[in-house]
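Q: The following file, input09.cif, comprises mmCIF, N, CA and C atoms:
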```cif
data_protein
loop_
_atom_site.group_PDB
_atom_site.id
_atom_site.type_symbol
_atom_site.label_atom_id
_atom_site.label_comp_id
_atom_site.auth_asym_id
_atom_site.auth_seq_id
_atom_site.Cartn_x
_atom_site.Cartn_y
_atom_site.Cartn_z
ATOM 1 N N MET N 1449 -28.872 93.526 -13.923
ATOM 2 C CA MET N 1449 -28.925 92.173 -13.396
ATOM 3 C C MET N 1449 -29.670 92.210 -12.055
ATOM 4 N N PRO N 1450 -30.657 91.322 -11.867
ATOM 5 C CA PRO N 1450 -31.381 91.320 -10.595
ATOM 6 C C PRO N 1450 -30.474 90.900 -9.443
ATOM 7 N N GLN N 1451 -30.818 91.382 -8.271
ATOM 8 C CA GLN N 1451 -29.989 91.076 -7.110
ATOM 9 C C GLN N 1451 -30.239 89.638 -6.660
ATOM 10 N N ILE N 1452 -29.170 88.873 -6.551
ATOM 11 C CA ILE N 1452 -29.234 87.479 -6.121
ATOM 12 C C ILE N 1452 -28.558 87.388 -4.765
ATOM 13 N N LYS N 1453 -29.189 86.710 -3.825
ATOM 14 C CA LYS N 1453 -28.554 86.488 -2.532
ATOM 15 C C LYS N 1453 -27.924 85.110 -2.546
ATOM 16 N N LEU N 1454 -26.659 85.067 -2.189
ATOM 17 C CA LEU N 1454 -25.955 83.791 -2.111
ATOM 18 C C LEU N 1454 -26.091 83.229 -0.703
ATOM 19 N N SER N 1455 -26.253 81.931 -0.622
ATOM 20 C CA SER N 1455 -26.316 81.266 0.683
ATOM 21 C C SER N 1455 -24.889 81.028 1.182
ATOM 22 N N PHE N 1456 -24.755 80.766 2.485
ATOM 23 C CA PHE N 1456 -23.431 80.479 3.036
ATOM 24 C C PHE N 1456 -22.787 79.273 2.336
ATOM 25 N N PRO N 1457 -23.534 78.170 2.099
ATOM 26 C CA PRO N 1457 -22.899 77.053 1.379
ATOM 27 C C PRO N 1457 -22.426 77.436 -0.021
ATOM 28 N N GLN N 1458 -23.175 78.301 -0.714
ATOM 29 C CA GLN N 1458 -22.741 78.739 -2.043
ATOM 30 C C GLN N 1458 -21.451 79.550 -1.957
ATOM 31 N N VAL N 1459 -21.361 80.443 -0.969
ATOM 32 C CA VAL N 1459 -20.147 81.252 -0.813
ATOM 33 C C VAL N 1459 -18.966 80.355 -0.463
ATOM 34 N N ARG N 1460 -19.188 79.364 0.389
ATOM 35 C CA ARG N 1460 -18.113 78.409 0.720
ATOM 36 C C ARG N 1460 -17.616 77.725 -0.545
ATOM 37 N N ASN N 1461 -18.546 77.288 -1.378
ATOM 38 C CA ASN N 1461 -18.153 76.608 -2.599
ATOM 39 C C ASN N 1461 -17.453 77.558 -3.567
ATOM 40 N N ILE N 1462 -17.911 78.802 -3.655
ATOM 41 C CA ILE N 1462 -17.252 79.801 -4.503
ATOM 42 C C ILE N 1462 -15.815 80.005 -4.031
ATOM 43 N N LYS N 1463 -15.614 80.121 -2.730
ATOM 44 C CA LYS N 1463 -14.249 80.293 -2.207
ATOM 45 C C LYS N 1463 -13.381 79.090 -2.549
ATOM 46 N N LYS N 1464 -13.963 77.898 -2.473
ATOM 47 C CA LYS N 1464 -13.222 76.685 -2.837
ATOM 48 C C LYS N 1464 -12.823 76.737 -4.309
ATOM 49 N N LEU N 1465 -13.773 77.117 -5.170
ATOM 50 C CA LEU N 1465 -13.479 77.212 -6.599
ATOM 51 C C LEU N 1465 -12.398 78.251 -6.869
ATOM 52 N N LEU N 1466 -12.439 79.375 -6.169
ATOM 53 C CA LEU N 1466 -11.406 80.410 -6.339
ATOM 54 C C LEU N 1466 -10.039 79.881 -5.932
ATOM 55 N N LEU N 1467 -9.988 79.150 -4.823
ATOM 56 C CA LEU N 1467 -8.711 78.595 -4.347
ATOM 57 C C LEU N 1467 -8.160 77.557 -5.320
ATOM 58 N N GLU N 1468 -9.041 76.758 -5.915
ATOM 59 C CA GLU N 1468 -8.601 75.739 -6.870
ATOM 60 C C GLU N 1468 -8.022 76.372 -8.134
ATOM 61 N N GLY N 1469 -8.545 77.533 -8.515
ATOM 62 C CA GLY N 1469 -7.996 78.281 -9.649
ATOM 63 C C GLY N 1469 -8.252 77.691 -11.022
ATOM 64 N N GLN N 1470 -9.204 76.772 -11.160
ATOM 65 C CA GLN N 1470 -9.444 76.152 -12.460
ATOM 66 C C GLN N 1470 -10.507 76.884 -13.278
ATOM 67 N N LEU N 1471 -11.325 77.704 -12.608
ATOM 68 C CA LEU N 1471 -12.344 78.487 -13.311
ATOM 69 C C LEU N 1471 -12.052 79.973 -13.156
ATOM 70 N N THR N 1472 -12.435 80.741 -14.157
ATOM 71 C CA THR N 1472 -12.275 82.195 -14.062
ATOM 72 C C THR N 1472 -13.393 82.768 -13.196
ATOM 73 N N HIS N 1473 -13.212 84.001 -12.771
ATOM 74 C CA HIS N 1473 -14.268 84.684 -12.010
ATOM 75 C C HIS N 1473 -15.548 84.744 -12.843
ATOM 76 N N ALA N 1474 -15.413 84.979 -14.140
ATOM 77 C CA ALA N 1474 -16.580 85.063 -15.021
ATOM 78 C C ALA N 1474 -17.309 83.720 -15.103
ATOM 79 N N GLN N 1475 -16.569 82.629 -15.164
ATOM 80 C CA GLN N 1475 -17.194 81.308 -15.229
ATOM 81 C C GLN N 1475 -17.941 80.981 -13.931
ATOM 82 N N ILE N 1476 -17.330 81.315 -12.806
ATOM 83 C CA ILE N 1476 -17.981 81.079 -11.510
ATOM 84 C C ILE N 1476 -19.227 81.951 -11.403
ATOM 85 N N ALA N 1477 -19.121 83.204 -11.821
ATOM 86 C CA ALA N 1477 -20.252 84.124 -11.761
ATOM 87 C C ALA N 1477 -21.429 83.590 -12.582
ATOM 88 N N LYS N 1478 -21.149 83.090 -13.775
ATOM 89 C CA LYS N 1478 -22.210 82.551 -14.633
ATOM 90 C C LYS N 1478 -22.870 81.349 -13.964
ATOM 91 N N LYS N 1479 -22.071 80.508 -13.342
ATOM 92 C CA LYS N 1479 -22.588 79.306 -12.675
ATOM 93 C C LYS N 1479 -23.574 79.670 -11.556
ATOM 94 N N TYR N 1480 -23.313 80.767 -10.849
ATOM 95 C CA TYR N 1480 -24.141 81.158 -9.706
ATOM 96 C C TYR N 1480 -25.114 82.292 -10.016
ATOM 97 N N GLY N 1481 -25.089 82.787 -11.236
ATOM 98 C CA GLY N 1481 -26.039 83.823 -11.634
ATOM 99 C C GLY N 1481 -25.778 85.177 -10.996
ATOM 100 N N VAL N 1482 -24.508 85.483 -10.758
ATOM 101 C CA VAL N 1482 -24.131 86.777 -10.186
ATOM 102 C C VAL N 1482 -23.105 87.441 -11.095
ATOM 103 N N SER N 1483 -22.746 88.667 -10.793
ATOM 104 C CA SER N 1483 -21.755 89.376 -11.622
ATOM 105 C C SER N 1483 -20.336 88.907 -11.294
ATOM 106 N N ARG N 1484 -19.451 89.117 -12.270
ATOM 107 C CA ARG N 1484 -18.040 88.792 -12.061
ATOM 108 C C ARG N 1484 -17.481 89.610 -10.904
ATOM 109 N N GLY N 1485 -17.918 90.867 -10.795
ATOM 110 C CA GLY N 1485 -17.464 91.723 -9.708
ATOM 111 C C GLY N 1485 -17.844 91.175 -8.342
ATOM 112 N N HIS N 1486 -19.004 90.543 -8.265
ATOM 113 C CA HIS N 1486 -19.455 89.934 -7.012
ATOM 114 C C HIS N 1486 -18.476 88.834 -6.590
ATOM 115 N N ILE N 1487 -18.068 88.017 -7.555
ATOM 116 C CA ILE N 1487 -17.112 86.937 -7.280
ATOM 117 C C ILE N 1487 -15.762 87.536 -6.884
ATOM 118 N N THR N 1488 -15.359 88.589 -7.569
ATOM 119 C CA THR N 1488 -14.093 89.251 -7.248
ATOM 120 C C THR N 1488 -14.114 89.779 -5.822
ATOM 121 N N LYS N 1489 -15.217 90.379 -5.394
ATOM 122 C CA LYS N 1489 -15.310 90.887 -4.024
ATOM 123 C C LYS N 1489 -15.210 89.762 -3.004
ATOM 124 N N ILE N 1490 -15.801 88.616 -3.302
ATOM 125 C CA ILE N 1490 -15.665 87.458 -2.402
ATOM 126 C C ILE N 1490 -14.202 87.063 -2.323
ATOM 127 N N GLY N 1491 -13.515 87.047 -3.465
ATOM 128 C CA GLY N 1491 -12.095 86.693 -3.489
ATOM 129 C C GLY N 1491 -11.230 87.698 -2.746
ATOM 130 N N ILE N 1492 -11.515 88.979 -2.901
ATOM 131 C CA ILE N 1492 -10.749 90.012 -2.194
ATOM 132 C C ILE N 1492 -10.954 89.866 -0.695
ATOM 133 N N GLY N 1493 -12.173 89.579 -0.294
ATOM 134 C CA GLY N 1493 -12.459 89.379 1.119
ATOM 135 C C GLY N 1493 -11.682 88.218 1.710
ATOM 136 N N MET N 1494 -11.361 87.209 0.880
ATOM 137 C CA MET N 1494 -10.565 86.077 1.344
ATOM 138 C C MET N 1494 -9.127 86.501 1.579
ATOM 139 N N LYS N 1495 -8.603 87.347 0.701
ATOM 140 C CA LYS N 1495 -7.199 87.722 0.742
ATOM 141 C C LYS N 1495 -6.915 88.858 1.708
ATOM 142 N N ASP N 1496 -7.879 89.736 1.893
ATOM 143 C CA ASP N 1496 -7.675 90.906 2.734
ATOM 144 C C ASP N 1496 -8.818 91.032 3.735
ATOM 145 N N PRO N 1497 -8.647 90.454 4.938
ATOM 146 C CA PRO N 1497 -9.734 90.473 5.921
ATOM 147 C C PRO N 1497 -10.144 91.873 6.357
ATOM 148 N N ASP N 1498 -9.313 92.881 6.074
ATOM 149 C CA ASP N 1498 -9.673 94.250 6.422
ATOM 150 C C ASP N 1498 -10.750 94.808 5.489
ATOM 151 N N LYS N 1499 -10.899 94.190 4.320
ATOM 152 C CA LYS N 1499 -11.963 94.609 3.395
ATOM 153 C C LYS N 1499 -13.275 94.087 3.952
ATOM 154 N N ASN N 1500 -14.281 94.925 3.992
ATOM 155 C CA ASN N 1500 -15.568 94.512 4.529
ATOM 156 C C ASN N 1500 -16.545 94.296 3.388
ATOM 157 N N TYR N 1501 -16.640 93.074 2.913
ATOM 158 C CA TYR N 1501 -17.587 92.732 1.870
ATOM 159 C C TYR N 1501 -18.685 91.853 2.460
ATOM 160 N N GLY N 1502 -19.531 92.486 3.249
ATOM 161 C CA GLY N 1502 -20.671 91.795 3.820
ATOM 162 C C GLY N 1502 -20.272 90.716 4.805
ATOM 163 N N LYS N 1503 -21.005 89.628 4.774
ATOM 164 C CA LYS N 1503 -20.818 88.570 5.745
ATOM 165 C C LYS N 1503 -19.964 87.422 5.230
ATOM 166 N N TRP N 1504 -19.190 87.649 4.168
ATOM 167 C CA TRP N 1504 -18.446 86.547 3.573
ATOM 168 C C TRP N 1504 -17.116 86.276 4.232
ATOM 169 N N LYS N 1505 -16.506 87.285 4.851
ATOM 170 C CA LYS N 1505 -15.110 87.101 5.281
ATOM 171 C C LYS N 1505 -14.941 86.036 6.348
ATOM 172 N N HIS N 1506 -15.973 85.730 7.110
ATOM 173 C CA HIS N 1506 -15.826 84.709 8.147
ATOM 174 C C HIS N 1506 -16.187 83.317 7.642
ATOM 175 N N ILE N 1507 -16.622 83.188 6.398
ATOM 176 C CA ILE N 1507 -17.009 81.884 5.857
ATOM 177 C C ILE N 1507 -15.776 81.217 5.265
ATOM 178 N N GLU N 1508 -15.451 80.062 5.814
ATOM 179 C CA GLU N 1508 -14.294 79.317 5.328
ATOM 180 C C GLU N 1508 -14.644 78.581 4.033
ATOM 181 N N PRO N 1509 -13.642 78.351 3.164
ATOM 182 C CA PRO N 1509 -13.912 77.590 1.940
ATOM 183 C C PRO N 1509 -14.396 76.185 2.276
ATOM 184 N N LYS N 1510 -15.201 75.624 1.408
ATOM 185 C CA LYS N 1510 -15.700 74.254 1.588
ATOM 186 C C LYS N 1510 -14.517 73.301 1.534
ATOM 187 N N GLN N 1511 -14.450 72.434 2.520
ATOM 188 C CA GLN N 1511 -13.347 71.471 2.601
ATOM 189 C C GLN N 1511 -13.654 70.244 1.744
ATOM 190 N N THR N 1512 -12.646 69.766 1.039
ATOM 191 C CA THR N 1512 -12.776 68.543 0.265
ATOM 192 C C THR N 1512 -12.418 67.384 1.186
ATOM 193 N N PRO N 1513 -13.253 66.343 1.255
ATOM 194 C CA PRO N 1513 -12.936 65.212 2.129
ATOM 195 C C PRO N 1513 -11.588 64.601 1.769
ATOM 196 N N ASN N 1514 -10.849 64.238 2.818
ATOM 197 C CA ASN N 1514 -9.540 63.607 2.632
ATOM 198 C C ASN N 1514 -9.752 62.148 2.226
ATOM 199 N N LYS N 1515 -9.209 61.729 1.088
ATOM 200 C CA LYS N 1515 -9.412 60.370 0.583
ATOM 201 C C LYS N 1515 -8.712 59.312 1.437
ATOM 202 N N GLU N 1516 -7.749 59.715 2.263
ATOM 203 C CA GLU N 1516 -7.014 58.754 3.088
ATOM 204 C C GLU N 1516 -7.812 58.328 4.307
ATOM 205 N N GLU N 1517 -8.849 59.084 4.685
ATOM 206 C CA GLU N 1517 -9.629 58.761 5.866
ATOM 207 C C GLU N 1517 -10.609 57.656 5.602
#
```
Translate the structure described by the file into C-alpha cells.
A:
Amino acid sequence: MPQIKLSFPQVRNIKKLLLEGQLTHAQIAKKYGVSRGHITKIGIGMKDPDKNYGKWKHIEPKQTPNKEE
C-alpha cells in the first residue's frame, strides 16, 4: 500500500469517528485510504499519551457543534 499522509483535519475526524464507535477501524481505514493498523495506532495514541505515534497525540478530536447554541 502506498504511503498516504493524513492532514491534521483528517486525523481529527478519524479520532471523532473512533470515539463515536459506529465504524470499525477497517471501515475508517478504507474511507481514508490507509491501513487498519494506521487507524489503530491513532486510536492507541488517543488512549495512551505515552505511546509516540508521530504528531497525532496532540490533535484533539473534531468537535461536533452543540445544537443548543
Q: Just the residues within 6.5 Å of segment 1468-1475 of chain N, please, counting all atoms listed in the file, with nothing from its chain fewer than 3 positions along; format it as a list in words.
A: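 What passes the distance filter is Lys1463, Lys1464, Leu1465, Lys1478, Lys1479, Tyr1480, Arg1484, Ile1487 and Thr1488 of chain N.
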Q: Provide the atom CA of Asn1461 of chain N to atom CA of Ile1476 of chain N distance in Å, to one decimal place.
A: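 Between atom CA of Asn1461 of chain N and atom CA of Ile1476 of chain N the gap is 10.0 Å.
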Q: Take atom C of His1486 of chain N and atom C of Ile1462 of chain N and report the distance between them in Å, one decimal.
A: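 Taking atom C of His1486 of chain N and atom C of Ile1462 of chain N, their separation equals 9.6 Å.
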Q: For atom CA of Glu1508 of chain N and atom CA of Ala1477 of chain N, quote the distance in Å rounded to one decimal.
A: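 Taking atom CA of Glu1508 of chain N and atom CA of Ala1477 of chain N, their separation equals 18.7 Å.
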Q: Give, as lines of an AutoDock Vina configuration file, the centre coordinates and the x, y and z edge lengths in Å to one decimal for an axis-aligned box around all listed atoms of segment 1465-1473 of chain N, padded by 8 Å on each side.
A:
```
center_x = -11.8
center_y = 80.2
center_z = -9.3
size_x = 23.6
size_y = 25.0
size_z = 25.8
```
